[in-house]
file my_file_14.txt (compact mmCIF, C-alpha atoms and all ligand atoms)
# COMPACT_ATOMS: atom_id res chain seq x y z
CA MET V 96 -12.82 -23.96 17.87
CA PRO V 97 -12.86 -21.33 20.61
CA PRO V 98 -10.77 -18.24 19.88
CA ARG V 99 -7.12 -18.47 20.75
CA LYS V 100 -6.17 -16.61 23.94
CA ILE V 101 -3.25 -14.24 23.49
CA ILE V 102 -1.29 -11.54 25.25
CA ILE V 103 0.10 -8.88 22.91
CA ASP V 104 3.42 -7.49 24.16
CA THR V 105 4.13 -4.36 22.18
CA ASP V 106 5.98 -1.06 21.63
CA PRO V 107 3.60 0.87 19.33
CA GLY V 108 4.76 1.83 16.64
CA GLN V 109 2.49 2.22 13.59
CA ASP V 110 2.92 -1.42 12.56
CA ASP V 111 2.21 -2.58 16.13
CA ALA V 112 -1.00 -0.53 15.94
CA VAL V 113 -2.10 -2.35 12.79
CA ALA V 114 -1.23 -5.71 14.37
CA ILE V 115 -3.39 -4.88 17.40
CA LEU V 116 -6.26 -3.65 15.23
CA LEU V 117 -6.17 -6.88 13.22
CA ALA V 118 -6.37 -8.94 16.43
CA LEU V 119 -9.21 -6.86 17.87
CA ALA V 120 -11.08 -7.13 14.56
CA SER V 121 -10.91 -10.94 14.68
CA PRO V 122 -12.75 -12.08 17.83
CA ASP V 123 -13.78 -15.40 16.24
CA GLU V 124 -10.13 -16.45 16.05
CA ILE V 125 -8.39 -14.33 18.71
CA GLU V 126 -9.24 -13.37 22.29
CA VAL V 127 -6.91 -10.61 23.47
CA LEU V 128 -6.55 -11.16 27.22
CA GLY V 129 -4.49 -8.03 27.60
CA ILE V 130 -1.89 -5.78 26.04
CA THR V 131 1.47 -5.25 27.72
CA ALA V 132 3.57 -2.27 26.73
CA VAL V 133 7.35 -2.31 26.67
CA ALA V 134 9.99 0.30 25.88
CA GLY V 135 11.24 -0.01 22.30
CA ASN V 136 10.36 2.13 19.30
CA VAL V 137 9.77 4.97 21.75
CA PRO V 138 10.05 5.13 25.58
CA LEU V 139 7.56 3.27 27.78
CA ALA V 140 5.37 6.26 28.63
CA LEU V 141 4.61 6.65 24.92
CA THR V 142 4.17 2.95 24.08
CA ALA V 143 1.78 2.57 27.05
CA LYS V 144 -0.15 5.59 25.81
CA ASN V 145 -0.14 4.50 22.17
CA ALA V 146 -1.50 1.05 23.02
CA ARG V 147 -4.49 2.72 24.66
CA ILE V 148 -4.96 5.08 21.70
CA VAL V 149 -5.20 2.00 19.48
CA CYS V 150 -7.71 0.27 21.78
CA GLU V 151 -9.88 3.37 21.74
CA LEU V 152 -9.58 3.63 17.95
CA ALA V 153 -10.91 0.06 17.80
CA GLY V 154 -13.67 0.83 20.32
CA ARG V 155 -12.20 -1.77 22.68
CA THR V 156 -11.61 0.06 25.96
CA ASP V 157 -12.44 -3.23 27.72
CA VAL V 158 -9.00 -4.64 26.84
CA PRO V 159 -6.60 -3.99 29.73
CA VAL V 160 -3.34 -2.25 28.87
CA TYR V 161 -0.44 -2.66 31.29
CA ALA V 162 2.85 -0.76 31.41
CA GLY V 163 5.92 -2.97 31.64
CA CYS V 164 9.69 -2.62 31.59
CA ASP V 165 11.08 0.80 30.79
CA LYS V 166 14.52 -0.39 29.73
CA PRO V 167 16.28 -3.54 28.52
CA LEU V 168 17.64 -6.09 31.02
CA ASN V 169 21.29 -5.06 30.90
CA ARG V 170 21.53 -2.15 28.51
CA ALA V 171 20.51 1.42 27.84
CA LEU V 172 17.37 1.77 25.72
CA VAL V 173 17.78 2.36 21.98
CA THR V 174 14.70 3.86 20.31
CA ALA V 175 13.57 4.37 16.71
CA GLU V 176 11.98 7.80 16.41
CA HIS V 177 13.79 8.08 13.06
CA VAL V 178 11.32 5.50 11.76
CA HIS V 179 8.16 6.04 13.80
CA GLY V 180 8.26 9.77 14.58
CA LYS V 181 8.56 11.41 17.97
CA THR V 182 5.26 10.01 19.30
CA GLY V 183 5.83 6.52 17.88
CA LEU V 184 2.47 6.82 16.18
CA ASP V 185 3.08 9.81 13.91
CA GLY V 186 0.80 10.20 10.93
CA PRO V 187 -2.86 10.43 11.89
CA VAL V 188 -4.13 12.92 14.45
CA LEU V 189 -5.61 10.74 17.18
CA PRO V 190 -7.00 11.92 20.52
CA ASP V 191 -5.18 11.27 23.79
CA PRO V 192 -6.63 8.17 25.43
CA GLN V 193 -9.32 8.47 28.07
CA MET V 194 -9.01 4.88 29.28
CA PRO V 195 -6.57 4.49 32.18
CA LEU V 196 -3.68 2.08 32.32
CA ALA V 197 -4.60 -1.12 34.13
CA GLU V 198 -3.19 -1.29 37.65
CA GLY V 199 -0.10 -3.37 38.19
CA HIS V 200 3.03 -4.20 36.23
CA ALA V 201 2.84 -5.86 32.81
CA VAL V 202 5.24 -8.59 33.96
CA ASP V 203 2.93 -9.51 36.84
CA PHE V 204 -0.06 -9.54 34.49
CA ILE V 205 1.77 -12.00 32.23
CA ILE V 206 2.67 -14.20 35.22
CA ASP V 207 -0.77 -14.07 36.83
CA THR V 208 -2.58 -14.74 33.56
CA LEU V 209 -0.46 -17.77 32.70
CA ARG V 210 -0.99 -19.15 36.19
CA ALA V 211 -4.76 -18.52 36.08
CA GLU V 212 -5.52 -19.91 32.63
CA GLU V 213 -5.45 -23.61 31.75
CA PRO V 214 -1.88 -24.71 30.95
CA GLY V 215 -1.10 -24.59 27.23
CA THR V 216 -3.92 -22.23 26.31
CA VAL V 217 -2.22 -18.82 26.23
CA THR V 218 -0.05 -17.65 23.33
CA LEU V 219 2.42 -14.80 23.79
CA CYS V 220 2.70 -12.38 20.88
CA PRO V 221 5.74 -10.13 21.32
CA LEU V 222 5.93 -7.26 18.82
CA GLY V 223 8.83 -5.38 20.42
CA PRO V 224 11.97 -6.02 22.45
CA LEU V 225 11.55 -9.17 24.57
CA THR V 226 12.21 -7.50 27.94
CA ASN V 227 8.77 -8.07 29.49
CA ILE V 228 8.62 -11.72 28.44
CA ALA V 229 12.16 -12.52 29.60
CA THR V 230 11.58 -10.73 32.90
CA ALA V 231 8.42 -12.77 33.49
CA PHE V 232 10.25 -16.02 32.65
CA ARG V 233 13.08 -15.14 35.06
CA LYS V 234 10.77 -14.03 37.86
CA ALA V 235 8.38 -16.99 37.57
CA PRO V 236 10.00 -19.93 35.72
CA ASP V 237 6.90 -22.04 36.46
CA ILE V 238 4.93 -20.11 33.82
CA ILE V 239 7.19 -21.19 30.95
CA ASP V 240 5.62 -24.65 30.83
CA ARG V 241 2.16 -23.10 30.75
CA VAL V 242 2.76 -21.06 27.57
CA GLN V 243 1.09 -22.54 24.49
CA GLU V 244 3.34 -20.88 21.93
CA ILE V 245 5.32 -17.70 21.31
CA VAL V 246 4.66 -15.97 17.98
CA LEU V 247 6.97 -12.99 17.61
CA MET V 248 8.24 -10.40 15.18
CA GLY V 249 12.00 -10.12 15.30
CA GLY V 250 15.27 -11.12 13.76
CA ALA V 251 16.41 -11.69 10.22
CA TYR V 252 18.59 -14.08 8.28
CA PHE V 253 18.75 -13.26 4.56
CA GLU V 254 17.79 -9.62 5.16
CA VAL V 255 20.37 -9.51 7.97
CA GLY V 256 19.73 -6.21 9.78
CA ASN V 257 17.86 -2.92 9.90
CA ILE V 258 19.29 -1.19 13.00
CA THR V 259 22.87 -2.44 12.51
CA PRO V 260 24.27 -4.29 9.49
CA THR V 261 23.54 -7.61 11.21
CA ALA V 262 20.70 -7.04 13.68
CA GLU V 263 16.98 -6.44 13.55
CA PHE V 264 15.70 -3.73 15.92
CA ASN V 265 13.59 -5.77 18.40
CA ILE V 266 16.33 -8.30 19.06
CA TYR V 267 19.12 -5.70 19.04
CA VAL V 268 17.47 -3.55 21.71
CA ASP V 269 17.47 -6.38 24.26
CA PRO V 270 19.59 -9.30 23.06
CA GLU V 271 19.88 -10.81 26.56
CA ALA V 272 16.08 -10.94 26.79
CA ALA V 273 15.87 -12.54 23.35
CA ASP V 274 18.47 -15.10 24.39
CA ILE V 275 16.32 -16.10 27.39
CA VAL V 276 13.20 -16.45 25.24
CA PHE V 277 14.91 -18.47 22.49
CA LYS V 278 16.38 -20.80 25.11
CA SER V 279 13.02 -21.25 26.89
CA GLY V 280 12.24 -24.53 25.12
CA LYS V 281 8.76 -23.34 24.10
CA PRO V 282 7.50 -23.56 20.52
CA ILE V 283 8.43 -20.28 18.84
CA VAL V 284 7.24 -18.88 15.51
CA VAL V 285 9.43 -16.07 14.18
CA MET V 286 8.39 -13.41 11.68
CA PRO V 287 11.79 -12.02 10.64
CA LEU V 288 12.60 -9.18 8.24
CA ASP V 289 12.90 -11.87 5.56
CA VAL V 290 9.09 -12.09 5.68
CA THR V 291 8.09 -8.61 6.75
CA HIS V 292 10.08 -6.90 4.02
CA LYS V 293 7.78 -8.73 1.59
CA ALA V 294 4.65 -7.36 3.32
CA LEU V 295 4.87 -3.95 1.66
CA VAL V 296 2.08 -1.39 1.68
CA THR V 297 2.05 -0.41 -1.98
CA LYS V 298 -0.06 2.54 -3.11
CA SER V 299 -2.96 0.34 -4.16
CA ARG V 300 -2.90 -1.53 -0.85
CA ASN V 301 -2.92 1.74 1.08
CA ASP V 302 -5.70 3.07 -1.15
CA ALA V 303 -7.72 0.00 -0.12
CA PHE V 304 -7.32 0.96 3.56
CA ARG V 305 -8.36 4.52 2.80
CA ALA V 306 -11.32 3.33 0.72
CA LEU V 307 -12.77 1.68 3.84
CA ASP V 308 -13.70 5.29 4.58
CA SER V 309 -13.87 4.62 8.30
CA LYS V 310 -11.99 6.10 11.23
CA VAL V 311 -9.79 2.99 11.35
CA GLY V 312 -9.24 2.89 7.58
CA HIS V 313 -8.12 6.51 7.42
CA ALA V 314 -5.91 6.17 10.51
CA VAL V 315 -4.15 3.09 9.12
CA ALA V 316 -3.65 4.74 5.73
CA GLU V 317 -2.15 7.82 7.39
CA MET V 318 0.09 5.71 9.64
CA THR V 319 1.52 3.82 6.70
CA ASP V 320 1.89 7.05 4.70
CA PHE V 321 4.15 8.32 7.48
CA PHE V 322 5.94 5.06 8.11
CA GLU V 323 6.81 4.46 4.45
CA ARG V 324 8.86 7.62 4.04
CA PHE V 325 11.69 6.02 5.97
CA ASP V 326 11.70 2.71 4.13
CA LYS V 327 11.33 4.22 0.68
CA GLU V 328 14.37 6.37 1.30
CA LYS V 329 16.42 3.65 2.96
CA TYR V 330 15.60 0.59 0.88
CA GLY V 331 14.01 2.07 -2.24
CA SER V 332 11.12 -0.30 -1.57
CA ALA V 333 7.61 0.08 -2.94
CA GLY V 334 6.14 0.97 0.45
CA ALA V 335 6.25 0.44 4.19
CA PRO V 336 6.80 -3.09 5.47
CA LEU V 337 4.02 -4.07 7.88
CA HIS V 338 6.24 -6.03 10.26
CA ASP V 339 4.10 -6.73 13.31
CA PRO V 340 0.75 -7.54 11.65
CA CYS V 341 2.44 -10.68 10.31
CA VAL V 342 2.21 -12.05 13.86
CA THR V 343 -1.52 -11.56 14.28
CA ALA V 344 -2.22 -12.59 10.67
CA TYR V 345 -0.42 -15.87 11.37
CA LEU V 346 -2.86 -16.63 14.20
CA ILE V 347 -5.78 -16.22 11.79
CA ARG V 348 -4.35 -17.62 8.54
CA PRO V 349 -1.13 -19.58 9.23
CA GLU V 350 -1.16 -20.92 5.67
CA LEU V 351 -0.17 -17.44 4.41
CA PHE V 352 3.35 -18.10 5.73
CA SER V 353 6.00 -20.75 5.20
CA GLY V 354 9.37 -21.34 6.76
CA ARG V 355 11.72 -23.85 8.31
CA HIS V 356 12.18 -25.37 11.75
CA VAL V 357 15.72 -24.31 12.54
CA ASN V 358 18.04 -23.47 15.40
CA ILE V 359 18.22 -19.79 16.31
CA GLU V 360 20.89 -18.43 18.61
CA ILE V 361 21.19 -14.81 19.66
CA GLU V 362 24.52 -13.00 19.59
CA THR V 363 25.00 -11.30 22.97
CA GLY V 364 28.79 -10.90 23.08
CA SER V 365 30.16 -9.31 19.95
CA ASP V 366 30.07 -5.54 19.56
CA LEU V 367 30.15 -6.04 15.81
CA THR V 368 27.15 -8.38 15.47
CA LEU V 369 25.26 -7.79 18.73
CA GLY V 370 21.64 -8.96 18.51
CA MET V 371 22.13 -11.02 15.36
CA THR V 372 19.71 -13.94 15.04
CA VAL V 373 22.07 -16.68 13.95
CA ALA V 374 19.70 -18.97 12.06
CA ASP V 375 20.91 -22.41 11.00
CA TRP V 376 18.78 -22.15 7.84
CA TRP V 377 20.95 -24.63 5.93
CA GLY V 378 21.26 -27.13 8.77
CA VAL V 379 25.03 -26.93 8.93
CA THR V 380 25.23 -27.51 12.68
CA ASN V 381 23.82 -30.21 14.92
CA ARG V 382 22.13 -27.62 17.14
CA ALA V 383 18.53 -28.64 17.79
CA PRO V 384 15.79 -26.62 16.05
CA ASN V 385 14.08 -24.25 18.49
CA ALA V 386 11.91 -22.11 16.22
CA LEU V 387 9.80 -22.07 13.09
CA PHE V 388 11.60 -19.31 11.22
CA MET V 389 9.42 -17.93 8.44
CA GLY V 390 10.78 -17.11 5.01
CA GLU V 391 7.84 -16.54 2.71
CA ILE V 392 4.48 -14.77 2.83
CA ASP V 393 1.51 -14.66 0.47
CA ALA V 394 1.50 -10.87 0.50
CA ASP V 395 -1.68 -10.47 -1.55
CA GLY V 396 -3.51 -12.86 0.76
CA PHE V 397 -2.14 -11.01 3.78
CA PHE V 398 -3.37 -7.61 2.59
CA THR V 399 -6.73 -9.03 1.54
CA LEU V 400 -7.16 -10.44 5.06
CA LEU V 401 -6.04 -7.19 6.67
CA THR V 402 -8.36 -4.99 4.64
CA GLU V 403 -11.31 -7.33 5.13
CA ARG V 404 -10.79 -7.44 8.91
CA LEU V 405 -10.11 -3.71 9.38
CA ALA V 406 -13.44 -3.10 7.63
CA ARG V 407 -15.15 -4.74 10.61
CA LEU V 408 -13.94 -2.11 13.08
CA CA V 501 6.89 -3.31 17.33
call {"tool": "encode", "arguments": {"input": "my_file_14.txt", "output": "structure tokens"}}
result
Amino acid sequence: MPPRKIIIDTDPGQDDAVAILLALASPDEIEVLGITAVAGNVPLALTAKNARIVCELAGRTDVPVYAGCDKPLNRALVTAEHVHGKTGLDGPVLPDPQMPLAEGHAVDFIIDTLRAEEPGTVTLCPLGPLTNIATAFRKAPDIIDRVQEIVLMGGAYFEVGNITPTAEFNIYVDPEAADIVFKSGKPIVVMPLDVTHKALVTKSRNDAFRALDSKVGHAVAEMTDFFERFDKEKYGSAGAPLHDPCVTAYLIRPELFSGRHVNIEIETGSDLTLGMTVADWWGVTNRAPNALFMGEIDADGFFTLLTERLARL
């Protein structure tokens, strides 16, 4: 099997960084055609910079990084410095990137790539608000049919919300974009908080990153050290949830995850529940399933995979 071609759409973010590192460490399974930055955890200038910092950390300055949309489709940007720190990548001290941004807009890169590659061979991996993806779908509807699959981190059902009582951050920031993506008719795999809150970096798991005793191992350990302060205080959990790496881990070892094919609709109207992913988990409507919504993860298997792959960088 040739490696699966993907575009990573991202708002790094410490957990985005780990997701990207896992992909770049797995060339037998994953070919990263490019990385597209979007505004989310921090503003676009920082996410576009952080994506390049991560590529340089991995020694992969050949991967093009494009800057995309700097604000949601219809709304003001909401950011999450309270979780990720003011740079978005607080924790390790990493040098400013030397590699330049690729020329052109991320949305045009997504469109051009899908038009250039064989239909059904490119998977989109959104790790942030869905603004870039929705903008590409609106600007060039012909590319939707050419997408192989969308594997994204976002939403929640049993865990409900982390930025409001009922909404997960990525979907909340740009609910109109999420609505476009979930109505696209493409196969979608969703890694919601229900899964990612089970992917916790405990002390022993973080010690395993540090024990790699490499630049990448230390950087990841220091990122999760920073990241976990927020979650420990807020949820009393054992460590930081590694949200976004669930997406890239799924591409390598899908059997680590299980879920249900259900209908997902995005709340775009209510002020109270804006950005809620209304998942018909119990099949109580006749709305057609439009996503594989994950519910369980083999967390030990996930961290074993992650540590083994990060050791290759
Ligand atoms: Ca993210």
call {"tool": "atom_distance", "arguments": {"input": "my_file_14.txt", "atom1": "CA of Val284 (chain V)", "atom2": "CA of Phe232 (chain V)"}}
result
17.6 Å
call {"tool": "atom_distance", "arguments": {"input": "my_file_14.txt", "atom1": "CA of Val242 (chain V)", "atom2": "CA of Ala211 (chain V)"}}
result
11.6 Å
call {"tool": "closest_atom_pairs", "arguments": {"input": "my_file_14.txt", "of": "chain V", "to": "ligand CA 501 (chain V)", "cutoff": "10 Å", "atoms": "all atoms listed in the file", "output": "CSV"}}
result
residue,atom,partner,partner_atom,distance
V:Asp104,CA,V:CA501,CA,8.7
V:Thr105,CA,V:CA501,CA,5.7
V:Asp106,CA,V:CA501,CA,4.9
V:Pro107,CA,V:CA501,CA,5.7
V:Gly108,CA,V:CA501,CA,5.6
V:Gln109,CA,V:CA501,CA,8.0
V:Asp110,CA,V:CA501,CA,6.5
V:Asp111,CA,V:CA501,CA,4.9
V:Ala112,CA,V:CA501,CA,8.5
V:Ala114,CA,V:CA501,CA,9.0
V:Val133,CA,V:CA501,CA,9.4
V:Ala134,CA,V:CA501,CA,9.8
V:Gly135,CA,V:CA501,CA,7.4
V:Asn136,CA,V:CA501,CA,6.7
V:Val137,CA,V:CA501,CA,9.8
V:Thr142,CA,V:CA501,CA,9.6
V:Gly183,CA,V:CA501,CA,9.9
V:Pro221,CA,V:CA501,CA,8.0
V:Leu222,CA,V:CA501,CA,4.3
V:Gly223,CA,V:CA501,CA,4.2
V:Pro224,CA,V:CA501,CA,7.7
V:Leu247,CA,V:CA501,CA,9.7
V:Met248,CA,V:CA501,CA,7.5
V:Gly249,CA,V:CA501,CA,8.8
V:Phe264,CA,V:CA501,CA,8.9
V:Asn265,CA,V:CA501,CA,7.2
V:Leu337,CA,V:CA501,CA,9.9
V:His338,CA,V:CA501,CA,7.6
V:Asp339,CA,V:CA501,CA,6.0
V:Pro340,CA,V:CA501,CA,9.4
call {"tool": "residues_around", "arguments": {"input": "my_file_14.txt", "residues": "Met194 (chain V)", "least_positions_apart": "4", "cutoff": "10 Å", "atoms": "all atoms listed in the file", "output": "ChimeraX atom specification"}}
result
/V:144,147-148,150-151,155-160
call {"tool": "closest_residue", "arguments": {"input": "my_file_14.txt", "among": "V:Pro336, V:Ser309, V:Glu403, V:Phe277", "to": "Val357 (chain V)", "atoms": "only C-alpha atoms"}}
result
V:Phe277
call {"tool": "atom_distance", "arguments": {"input": "my_file_14.txt", "atom1": "CA of Arg407 (chain V)", "atom2": "CA of Val290 (chain V)"}}
result
25.8 Å
call {"tool": "closest_residue", "arguments": {"input": "my_file_14.txt", "among": "V:Gln193, V:Ser353, V:Thr218, V:Thr319", "to": "Leu152 (chain V)", "atoms": "only C-alpha atoms"}}
result
V:Gln193
call {"tool": "residues_near_point", "arguments": {"input": "my_file_14.txt", "point": "(18.0, -25.4, 20.7)", "cutoff": "7 Å", "atoms": "all atoms listed in the file", "output": "ChimeraX atom specification"}}
result
/V:278,358,382-385
call {"tool": "closest_residue", "arguments": {"input": "my_file_14.txt", "among": "V:Glu362, V:Glu244, V:Asp203, V:Asp237", "to": "Arg99 (chain V)", "atoms": "only C-alpha atoms"}}
result
V:Glu244
call {"tool": "closest_residue", "arguments": {"input": "my_file_14.txt", "among": "V:Asp240, V:Glu213, V:Glu176, V:Glu124", "to": "Pro282 (chain V)", "atoms": "only C-alpha atoms"}}
result
V:Asp240
call {"tool": "closest_residue", "arguments": {"input": "my_file_14.txt", "among": "V:Asp191, V:Val149, V:Pro349, V:Thr402", "to": "Ala306 (chain V)", "atoms": "all atoms listed in the file"}}
result
V:Thr402
call {"tool": "closest_residue", "arguments": {"input": "my_file_14.txt", "among": "V:Thr399, V:Val246, V:Val188, V:Ile206", "to": "Lys234 (chain V)", "atoms": "only C-alpha atoms"}}
result
V:Ile206
call {"tool": "residues_around", "arguments": {"input": "my_file_14.txt", "residues": "Asp326 (chain V)", "least_positions_apart": "6", "cutoff": "8 Å", "atoms": "all atoms listed in the file", "output": "PyMOL selection string"}}
result
chain V and resi 332+334-336
call {"tool": "residues_around", "arguments": {"input": "my_file_14.txt", "residues": "Phe352 (chain V)", "least_positions_apart": "4", "cutoff": "12 Å", "atoms": "only C-alpha atoms", "output": "ChimeraX atom specification"}}
result
/V:284-287,289-291,293-294,341-348,387-397
call {"tool": "decode", "arguments": {"input": "my_file_14.txt", "residues": "region 342-395 of chain V", "atoms": "C-alpha atoms", "output": "PDB file, in the first residue's frame"}}
result
ATOM      1  CA  VAL V 342      -6.459  12.120  13.976  1.00  0.00           C
ATOM      2  CA  THR V 343      -3.038  11.131  12.695  1.00  0.00           C
ATOM      3  CA  ALA V 344      -2.957   7.996  14.865  1.00  0.00           C
ATOM      4  CA  TYR V 345      -6.218   6.909  13.236  1.00  0.00           C
ATOM      5  CA  LEU V 346      -4.574   7.045   9.801  1.00  0.00           C
ATOM      6  CA  ILE V 347      -1.856   4.675  11.011  1.00  0.00           C
ATOM      7  CA  ARG V 348      -3.777   2.379  13.382  1.00  0.00           C
ATOM      8  CA  PRO V 349      -7.549   2.792  12.878  1.00  0.00           C
ATOM      9  CA  GLU V 350      -8.199  -0.249  15.064  1.00  0.00           C
ATOM     10  CA  LEU V 351      -7.196   1.812  18.129  1.00  0.00           C
ATOM     11  CA  PHE V 352     -10.550   3.616  17.857  1.00  0.00           C
ATOM     12  CA  SER V 353     -14.194   2.592  17.805  1.00  0.00           C
ATOM     13  CA  GLY V 354     -17.382   4.531  17.333  1.00  0.00           C
ATOM     14  CA  ARG V 355     -20.717   4.712  15.567  1.00  0.00           C
ATOM     15  CA  HIS V 356     -21.941   5.904  12.185  1.00  0.00           C
ATOM     16  CA  VAL V 357     -24.396   8.591  13.212  1.00  0.00           C
ATOM     17  CA  ASN V 358     -25.946  11.827  12.068  1.00  0.00           C
ATOM     18  CA  ILE V 359     -24.166  14.976  13.229  1.00  0.00           C
ATOM     19  CA  GLU V 360     -25.744  18.398  12.907  1.00  0.00           C
ATOM     20  CA  ILE V 361     -24.098  21.633  13.967  1.00  0.00           C
ATOM     21  CA  GLU V 362     -25.980  24.232  15.990  1.00  0.00           C
ATOM     22  CA  THR V 363     -25.517  27.607  14.279  1.00  0.00           C
ATOM     23  CA  GLY V 364     -28.522  29.540  15.590  1.00  0.00           C
ATOM     24  CA  SER V 365     -28.828  29.348  19.347  1.00  0.00           C
ATOM     25  CA  ASP V 366     -26.758  31.666  21.513  1.00  0.00           C
ATOM     26  CA  LEU V 367     -27.060  29.140  24.314  1.00  0.00           C
ATOM     27  CA  THR V 368     -25.741  26.068  22.459  1.00  0.00           C
ATOM     28  CA  LEU V 369     -23.847  27.610  19.526  1.00  0.00           C
ATOM     29  CA  GLY V 370     -21.388  25.152  17.963  1.00  0.00           C
ATOM     30  CA  MET V 371     -22.864  22.078  19.622  1.00  0.00           C
ATOM     31  CA  THR V 372     -22.341  18.865  17.656  1.00  0.00           C
ATOM     32  CA  VAL V 373     -25.787  17.332  17.910  1.00  0.00           C
ATOM     33  CA  ALA V 374     -24.955  13.642  17.533  1.00  0.00           C
ATOM     34  CA  ASP V 375     -27.792  11.156  17.057  1.00  0.00           C
ATOM     35  CA  TRP V 376     -25.818   8.563  19.049  1.00  0.00           C
ATOM     36  CA  TRP V 377     -28.945   6.639  20.040  1.00  0.00           C
ATOM     37  CA  GLY V 378     -30.550   6.738  16.602  1.00  0.00           C
ATOM     38  CA  VAL V 379     -33.654   8.553  17.775  1.00  0.00           C
ATOM     39  CA  THR V 380     -34.169  10.466  14.524  1.00  0.00           C
ATOM     40  CA  ASN V 381     -34.412   9.343  10.919  1.00  0.00           C
ATOM     41  CA  ARG V 382     -31.632  11.727   9.895  1.00  0.00           C
ATOM     42  CA  ALA V 383     -29.115   9.904   7.711  1.00  0.00           C
ATOM     43  CA  PRO V 384     -25.705   9.114   9.250  1.00  0.00           C
ATOM     44  CA  ASN V 385     -23.026  11.464   7.930  1.00  0.00           C
ATOM     45  CA  ALA V 386     -20.026  10.677  10.134  1.00  0.00           C
ATOM     46  CA  LEU V 387     -18.184   7.965  11.998  1.00  0.00           C
ATOM     47  CA  PHE V 388     -18.248   9.508  15.462  1.00  0.00           C
ATOM     48  CA  MET V 389     -15.645   7.894  17.693  1.00  0.00           C
ATOM     49  CA  GLY V 390     -16.336   6.994  21.307  1.00  0.00           C
ATOM     50  CA  GLU V 391     -13.512   4.782  22.505  1.00  0.00           C
ATOM     51  CA  ILE V 392      -9.728   4.660  22.218  1.00  0.00           C
ATOM     52  CA  ASP V 393      -7.129   2.093  23.227  1.00  0.00           C
ATOM     53  CA  ALA V 394      -5.116   4.713  25.096  1.00  0.00           C
ATOM     54  CA  ASP V 395      -2.188   2.437  25.937  1.00  0.00           C
TER      55      ASP V 395
END
